Every structure is written in structure tokens, then in C-alpha cells.
file target-v3.txt (compact mmCIF, C-alpha atoms)
# COMPACT_ATOMS: atom_id res chain seq x y z
CA ILE A 19 0.00 0.00 0.00
CA SER A 20 1.40 3.34 -1.00
CA GLY A 21 2.84 5.22 1.98
CA VAL A 22 2.88 2.22 4.34
CA ARG A 23 6.42 1.43 5.44
CA LYS A 24 5.85 -1.18 8.14
CA VAL A 25 3.05 -3.32 9.53
CA PHE A 26 3.31 -4.46 13.13
CA ILE A 27 1.42 -7.23 14.89
CA GLY A 28 -0.42 -5.69 17.83
CA SER A 29 -2.79 -8.42 18.89
CA GLY A 30 -0.50 -11.41 19.25
CA ILE A 31 0.18 -14.70 17.51
CA ARG A 32 -0.62 -18.38 18.07
CA TYR A 33 2.78 -19.58 19.24
CA ASP A 34 1.68 -23.23 19.08
CA LEU A 35 0.92 -22.93 15.36
CA VAL A 36 4.18 -21.08 14.75
CA MET A 37 6.05 -24.00 16.32
CA ALA A 38 4.49 -26.37 13.76
CA ASP A 39 5.62 -24.11 10.88
CA GLN A 40 8.89 -24.80 9.09
CA SER A 41 8.72 -22.00 6.51
CA GLY A 42 10.49 -19.30 8.50
CA TYR A 43 7.29 -17.55 9.59
CA LEU A 44 8.61 -16.60 13.04
CA GLU A 45 11.86 -15.32 11.55
CA MET A 46 9.89 -13.09 9.14
CA ILE A 47 7.68 -11.82 11.96
CA CYS A 48 10.69 -10.97 14.13
CA ASP A 49 12.52 -9.29 11.25
CA TYR A 50 9.66 -7.16 9.96
CA HIS A 51 6.54 -7.16 12.12
CA VAL A 52 7.47 -6.82 15.82
CA SER A 53 7.64 -3.27 17.10
CA GLY A 54 9.40 -4.30 20.31
CA HIS A 55 6.90 -6.59 22.05
CA LEU A 56 5.35 -9.76 20.68
CA LYS A 57 2.22 -10.91 22.47
CA VAL A 58 1.48 -14.59 22.97
CA ALA A 59 -1.18 -16.33 25.03
CA PRO A 60 -0.02 -19.46 26.83
CA GLU A 61 -2.74 -18.62 29.41
CA HIS A 62 -1.32 -21.15 31.89
CA ILE A 63 1.47 -23.67 32.33
CA ALA A 64 0.02 -26.23 34.80
CA ARG A 65 -0.68 -29.36 32.73
CA ASN A 66 -4.08 -30.09 34.28
CA VAL A 67 -5.19 -26.53 33.47
CA THR A 68 -3.82 -26.42 29.92
CA ASP A 69 -5.48 -29.78 29.23
CA ILE A 70 -8.87 -28.45 30.34
CA MET A 71 -8.31 -25.26 28.30
CA ASN A 72 -7.41 -27.37 25.27
CA LYS A 73 -4.10 -25.50 25.09
CA PRO A 74 -0.65 -26.93 24.36
CA PRO A 75 1.50 -27.90 27.35
CA GLN A 76 4.20 -25.70 28.90
CA GLU A 77 6.91 -27.48 26.88
CA VAL A 78 5.56 -26.00 23.63
CA PHE A 79 5.69 -22.49 25.09
CA ASP A 80 9.21 -23.15 26.40
CA ARG A 81 10.37 -24.26 22.93
CA PHE A 82 8.78 -21.15 21.42
CA ARG A 83 10.51 -18.90 23.96
CA THR A 84 13.86 -20.56 23.17
CA ARG A 85 13.34 -20.14 19.43
CA PHE A 86 12.26 -16.51 19.86
CA SER A 87 15.30 -15.84 22.06
CA LEU A 88 17.68 -17.32 19.47
CA LEU A 89 16.18 -15.00 16.86
CA GLN A 90 17.11 -12.01 19.03
CA GLN A 91 20.84 -12.69 18.71
CA GLY A 92 22.54 -10.01 16.67
CA LYS A 93 19.55 -7.69 16.57
CA ALA A 94 20.29 -4.04 17.23
CA LYS A 95 16.89 -3.52 18.83
CA LYS A 96 15.88 -6.17 21.38
CA GLN A 97 12.39 -7.62 21.14
CA TYR A 98 10.45 -9.03 24.07
CA LEU A 99 7.68 -11.54 24.58
CA LEU A 100 4.59 -10.37 26.43
CA PRO A 101 2.77 -13.48 27.66
CA TYR A 102 -0.91 -13.35 28.49
CA PHE A 103 -1.93 -15.46 31.48
CA MET A 104 -5.30 -16.25 33.02
CA SER A 105 -6.43 -16.87 36.59
CA GLY A 106 -9.56 -18.53 37.85
CA HIS A 107 -10.19 -20.77 34.84
CA PRO A 108 -12.23 -23.91 35.60
CA GLY A 109 -9.84 -26.65 36.69
CA CYS A 110 -7.35 -24.17 38.15
CA THR A 111 -6.52 -24.27 41.87
CA VAL A 112 -4.52 -21.97 44.11
CA ALA A 113 -1.65 -24.48 43.89
CA ASP A 114 -1.76 -24.21 40.07
CA MET A 115 -1.56 -20.41 40.34
CA ILE A 116 1.44 -20.67 42.65
CA GLN A 117 3.09 -22.94 40.07
CA LEU A 118 2.39 -20.31 37.39
CA ALA A 119 3.69 -17.47 39.58
CA GLU A 120 6.91 -19.42 40.21
CA TYR A 121 7.26 -20.03 36.47
CA ILE A 122 6.84 -16.32 35.76
CA ARG A 123 9.41 -15.47 38.45
CA ASP A 124 11.91 -18.18 37.48
CA ASN A 125 11.78 -17.28 33.78
CA ASN A 126 11.93 -13.53 34.34
CA LEU A 127 8.70 -12.96 32.43
CA TYR A 128 6.80 -9.72 32.45
CA THR A 129 3.03 -10.03 32.62
CA GLU A 130 1.36 -6.98 31.17
CA GLN A 131 -1.84 -8.77 30.26
CA VAL A 132 -3.57 -10.73 33.00
CA GLN A 133 -7.17 -11.80 32.97
CA ASP A 134 -9.41 -13.38 35.54
CA PHE A 135 -11.66 -15.93 33.84
CA THR A 136 -15.04 -14.46 32.95
CA PRO A 137 -17.77 -16.80 31.70
CA THR A 138 -18.78 -15.99 28.13
CA PRO A 139 -21.73 -17.45 26.21
CA MET A 140 -21.30 -20.59 24.13
CA SER A 141 -17.89 -21.70 25.42
CA VAL A 142 -16.86 -25.03 26.90
CA SER A 143 -15.13 -23.18 29.75
CA THR A 144 -18.38 -21.44 30.68
CA CYS A 145 -20.17 -24.78 30.64
CA MET A 146 -17.57 -26.10 33.11
CA TYR A 147 -17.87 -22.97 35.23
CA TYR A 148 -21.61 -23.34 35.72
CA THR A 149 -21.93 -27.15 35.83
CA VAL A 150 -18.65 -27.85 37.69
CA LEU A 151 -18.23 -30.78 35.30
CA ASP A 152 -16.00 -31.49 32.33
CA PRO A 153 -18.61 -31.88 29.56
CA PHE A 154 -16.47 -34.45 27.74
CA THR A 155 -15.67 -36.76 30.67
CA ARG A 156 -18.49 -35.81 33.07
CA GLU A 157 -15.82 -35.68 35.80
CA PRO A 158 -16.02 -32.93 38.46
CA VAL A 159 -13.90 -29.83 37.79
CA HIS A 160 -12.62 -27.45 40.46
CA VAL A 161 -14.15 -24.01 39.95
CA ALA A 162 -12.78 -21.08 41.92
CA LYS A 163 -15.35 -18.51 42.94
CA GLY A 164 -15.52 -15.58 45.32
CA ARG A 165 -12.46 -15.07 47.49
CA GLU A 166 -10.50 -17.90 45.89
CA LYS A 167 -10.81 -16.23 42.47
CA GLN A 168 -9.45 -13.01 43.99
CA VAL A 169 -6.56 -14.90 45.59
CA GLN A 170 -5.73 -16.62 42.30
CA ARG A 171 -5.54 -13.29 40.48
CA ALA A 172 -3.42 -11.78 43.27
CA LEU A 173 -0.98 -14.70 42.95
CA LEU A 174 -0.62 -13.96 39.26
CA GLN A 175 0.18 -10.33 40.09
CA TYR A 176 2.32 -11.14 43.13
CA ARG A 177 4.65 -8.19 42.51
CA GLU A 178 1.89 -5.66 43.21
CA PRO A 179 2.11 -4.41 46.83
CA ARG A 180 -1.68 -4.15 47.04
CA ASN A 181 -1.89 -7.95 46.61
CA TYR A 182 0.46 -8.82 49.48
CA ARG A 183 -2.19 -10.04 51.94
CA MET A 184 -4.02 -12.17 49.40
CA VAL A 185 -0.75 -13.67 48.15
CA ILE A 186 0.13 -14.67 51.73
CA GLU A 187 -3.37 -16.11 52.13
CA GLY A 188 -2.96 -18.18 48.95
CA LEU A 189 0.47 -19.44 49.97
CA GLU A 190 -0.85 -20.47 53.38
CA THR A 191 -3.92 -22.14 51.83
CA ALA A 192 -1.68 -24.23 49.58
CA GLY A 193 0.79 -25.03 52.37
CA ARG A 194 3.56 -23.11 50.63
CA ARG A 195 5.03 -21.12 53.50
CA ASP A 196 8.43 -21.86 51.96
CA LEU A 197 7.84 -19.03 49.51
call {"tool": "encode", "arguments": {"input": "target-v3.txt", "output": "C-alpha cells"}}
result
Amino acid sequence: ISGVRKVFIGSGIRYDLVMADQSGYLEMICDYHVSGHLKVAPEHIARNVTDIMNKPPQEVFDRFRTRFSLLQQGKAKKQYLLPYFMSGHPGCTVADMIQLAEYIRDNNLYTEQVQDFTPTPMSVSTCMYYTVLDPFTREPVHVAKGREKQVQRALLQYREPRNYRMVIEGLETAGRRDL
């Protein structure tokens, strides 16, 4: 288009599909279409939660992060990943959120986008939220509500001073006084 010099991706990419691609798609994106931050949505890393979400496991995200990091070598302008994580999804417990918070801390990730699960019409997750059952297996699913949902979100944003009390509450609930 006349007058357009660059086009940047602002909404994010499906990292799991990029990992299946062998055509150099990620290389092209990093070379021409990342303005500094590339958004991706692993949403969680606890296997039981990613399975319920129908998302790829943590290992796929880790491989993507490694590949993205390798593509940063030799670049004059560093690019960063901005992962999007979710709290309070059906199947997610306080212990799962602590696991995610440790992952974020241990991998030096920055979480700009955080969302507490909100039921939306016509989704499998909403069905689980209201029925407290996995519709495919008919097995019970843990559903955080009320205070536990607040604690889960606080654990995801553990660096925020305003969340200190709820983070302590979550750690004590899960028996993780070691943190």
C-alpha cells in the first residue's frame, strides 16, 4: 500500500501454530513485524489446566521462547515476549496459580496482560464454570469462585504491593510457607 512502510502485529500470535511451521514464519515476523513486544497467550502452564483449556502444554511455550530468544541474537533492537496469562479458569486451583507465579518469576517474564476468567456465552469453559463438570468426561472440575478467584488473580500479580495479603493467604492455603 502506498505510503505504508511497516506493519506491526499488535494483537499477538498463536505460538503453538508457529512452532508447527517450518517455513520461517517466526523469523519473518521478528525481522519485519514486531515493534518491540510480541504478544502470545499461553494462558497457563500447569498441565491439568492447559489440558482443560485445550491448550498446548508448557513445553511447547518453552520451545517457542527458546526459538524466539535465538532470533534475538545479533539484533540491534531487542524484542520481548509479552505473555498473556489467566487466573480462575475452571480446573485451576490456588496451587496451580502458585506454580504459574513461580514459572513467571523463574523465567523472568513480564506479565502486562492478566485476565481473571469471565464466563462468556457458548464456550466449553463457561459450561464447566456453571456445571462444575468437564462436559467431555463428566468428571467434576474445580471451579474457583468468590475469594479464591481473587486470591488466584493476586498470585498472578504477586509483585503488586496491594496484593500482598491475598498472596500470603494463597500461599498459606496451599501449604507453601516456603515461599
call {"tool": "residues_around", "arguments": {"input": "target-v3.txt", "residues": "Asp152 in chain A", "least_positions_apart": "5", "cutoff": "12 Å", "atoms": "all atoms listed in the file", "output": "ChimeraX atom specification"}}
result
/A:67,69-72,108-109,142-147,157-161
call {"tool": "atom_distance", "arguments": {"input": "target-v3.txt", "atom1": "CA of Tyr176 in chain A", "atom2": "CA of Gln117 in chain A"}}
result
12.2 Å
call {"tool": "axis_aligned_box", "arguments": {"input": "target-v3.txt", "around": "range 99-118 of chain A", "padding_each_side": "6 Å", "output": "AutoDock Vina command-line options"}}
result
--center_x -2.3 --center_y -18.5 --center_z 34.3 --size_x 31.9 --size_y 28.3 --size_z 31.5
call {"tool": "residues_around", "arguments": {"input": "target-v3.txt", "residues": "range 87-98 of chain A", "least_positions_apart": "2", "cutoff": "7 Å", "atoms": "all atoms listed in the file", "output": "list of chain:residue names"}}
result
A:Glu45, A:Gly54, A:His55, A:Leu56, A:Arg83, A:Thr84, A:Arg85, A:Leu100
call {"tool": "residues_around", "arguments": {"input": "target-v3.txt", "residues": "Gly30 in chain A", "least_positions_apart": "3", "cutoff": "12 Å", "atoms": "all atoms listed in the file", "output": "ChimeraX atom specification"}}
result
/A:26-27,33,36,47,51-53,55-60,99-102,131
call {"tool": "write_last_selection", "arguments": {"input": "target-v3.txt", "atoms": "C-alpha atoms", "output": "compact mmCIF listing (two decimals), in the coordinates of the input"}}
result
# COMPACT_ATOMS: atom_id res chain seq x y z
CA PHE A 26 3.31 -4.46 13.13
CA ILE A 27 1.42 -7.23 14.89
CA TYR A 33 2.78 -19.58 19.24
CA VAL A 36 4.18 -21.08 14.75
CA ILE A 47 7.68 -11.82 11.96
CA HIS A 51 6.54 -7.16 12.12
CA VAL A 52 7.47 -6.82 15.82
CA SER A 53 7.64 -3.27 17.10
CA HIS A 55 6.90 -6.59 22.05
CA LEU A 56 5.35 -9.76 20.68
CA LYS A 57 2.22 -10.91 22.47
CA VAL A 58 1.48 -14.59 22.97
CA ALA A 59 -1.18 -16.33 25.03
CA PRO A 60 -0.02 -19.46 26.83
CA LEU A 99 7.68 -11.54 24.58
CA LEU A 100 4.59 -10.37 26.43
CA PRO A 101 2.77 -13.48 27.66
CA TYR A 102 -0.91 -13.35 28.49
CA GLN A 131 -1.84 -8.77 30.26
call {"tool": "closest_residue", "arguments": {"input": "target-v3.txt", "among": "A:Arg81, A:Arg180, A:Lys163, A:Arg171", "to": "Ser105 in chain A", "atoms": "all atoms listed in the file"}}
result
A:Arg171
call {"tool": "closest_residue", "arguments": {"input": "target-v3.txt", "among": "A:Ile19, A:Phe82, A:Tyr148, A:Met104", "to": "Asp39 in chain A", "atoms": "all atoms listed in the file"}}
result
A:Phe82
call {"tool": "residues_around", "arguments": {"input": "target-v3.txt", "residues": "Ile116 in chain A", "least_positions_apart": "2", "cutoff": "9 Å", "atoms": "all atoms listed in the file", "output": "list in words"}}
result
Thr111, Val112, Ala113, Asp114, Leu118, Ala119, Glu120, Tyr121, Gln170, Leu173, Leu174, Gly188, Leu189, Ala192 and Arg194 of chain A
call {"tool": "closest_residue", "arguments": {"input": "target-v3.txt", "among": "A:Val150, A:Leu197, A:Met184, A:Val78", "to": "Arg123 in chain A", "atoms": "all atoms listed in the file"}}
result
A:Leu197
call {"tool": "build_atoms", "arguments": {"input": "target-v3.txt", "residues": "range 78-89 of chain A", "atoms": "N, CA, C and O atoms", "output": "CSV table (one decimal), in the frame of the given file"}}
result
chain,number,residue,atom,x,y,z
A,78,VAL,N,5.7,-26.7,24.9
A,78,VAL,CA,5.6,-26.0,23.6
A,78,VAL,C,5.9,-24.5,23.8
A,78,VAL,O,6.6,-23.9,23.0
A,79,PHE,N,5.4,-23.9,24.8
A,79,PHE,CA,5.7,-22.5,25.1
A,79,PHE,C,7.2,-22.3,25.4
A,79,PHE,O,7.8,-21.4,24.9
A,80,ASP,N,7.8,-23.2,26.1
A,80,ASP,CA,9.2,-23.2,26.4
A,80,ASP,C,10.0,-23.2,25.1
A,80,ASP,O,11.0,-22.5,24.9
A,81,ARG,N,9.7,-24.1,24.2
A,81,ARG,CA,10.4,-24.3,22.9
A,81,ARG,C,10.2,-23.0,22.1
A,81,ARG,O,11.1,-22.5,21.5
A,82,PHE,N,9.0,-22.4,22.1
A,82,PHE,CA,8.8,-21.2,21.4
A,82,PHE,C,9.7,-20.0,22.0
A,82,PHE,O,10.3,-19.3,21.3
A,83,ARG,N,9.7,-19.9,23.3
A,83,ARG,CA,10.5,-18.9,24.0
A,83,ARG,C,12.0,-19.1,23.6
A,83,ARG,O,12.7,-18.1,23.3
A,84,THR,N,12.5,-20.3,23.5
A,84,THR,CA,13.9,-20.6,23.2
A,84,THR,C,14.1,-20.1,21.7
A,84,THR,O,15.1,-19.5,21.4
A,85,ARG,N,13.2,-20.5,20.8
A,85,ARG,CA,13.3,-20.1,19.4
A,85,ARG,C,13.3,-18.6,19.3
A,85,ARG,O,14.1,-18.0,18.5
A,86,PHE,N,12.4,-18.0,19.9
A,86,PHE,CA,12.3,-16.5,19.9
A,86,PHE,C,13.6,-15.9,20.4
A,86,PHE,O,14.1,-14.9,19.8
A,87,SER,N,14.1,-16.4,21.5
A,87,SER,CA,15.3,-15.8,22.1
A,87,SER,C,16.5,-16.0,21.1
A,87,SER,O,17.3,-15.1,21.0
A,88,LEU,N,16.6,-17.1,20.4
A,88,LEU,CA,17.7,-17.3,19.5
A,88,LEU,C,17.6,-16.3,18.3
A,88,LEU,O,18.6,-15.9,17.8
A,89,LEU,N,16.4,-16.0,17.9
A,89,LEU,CA,16.2,-15.0,16.9
A,89,LEU,C,16.6,-13.6,17.3
A,89,LEU,O,16.7,-12.7,16.4
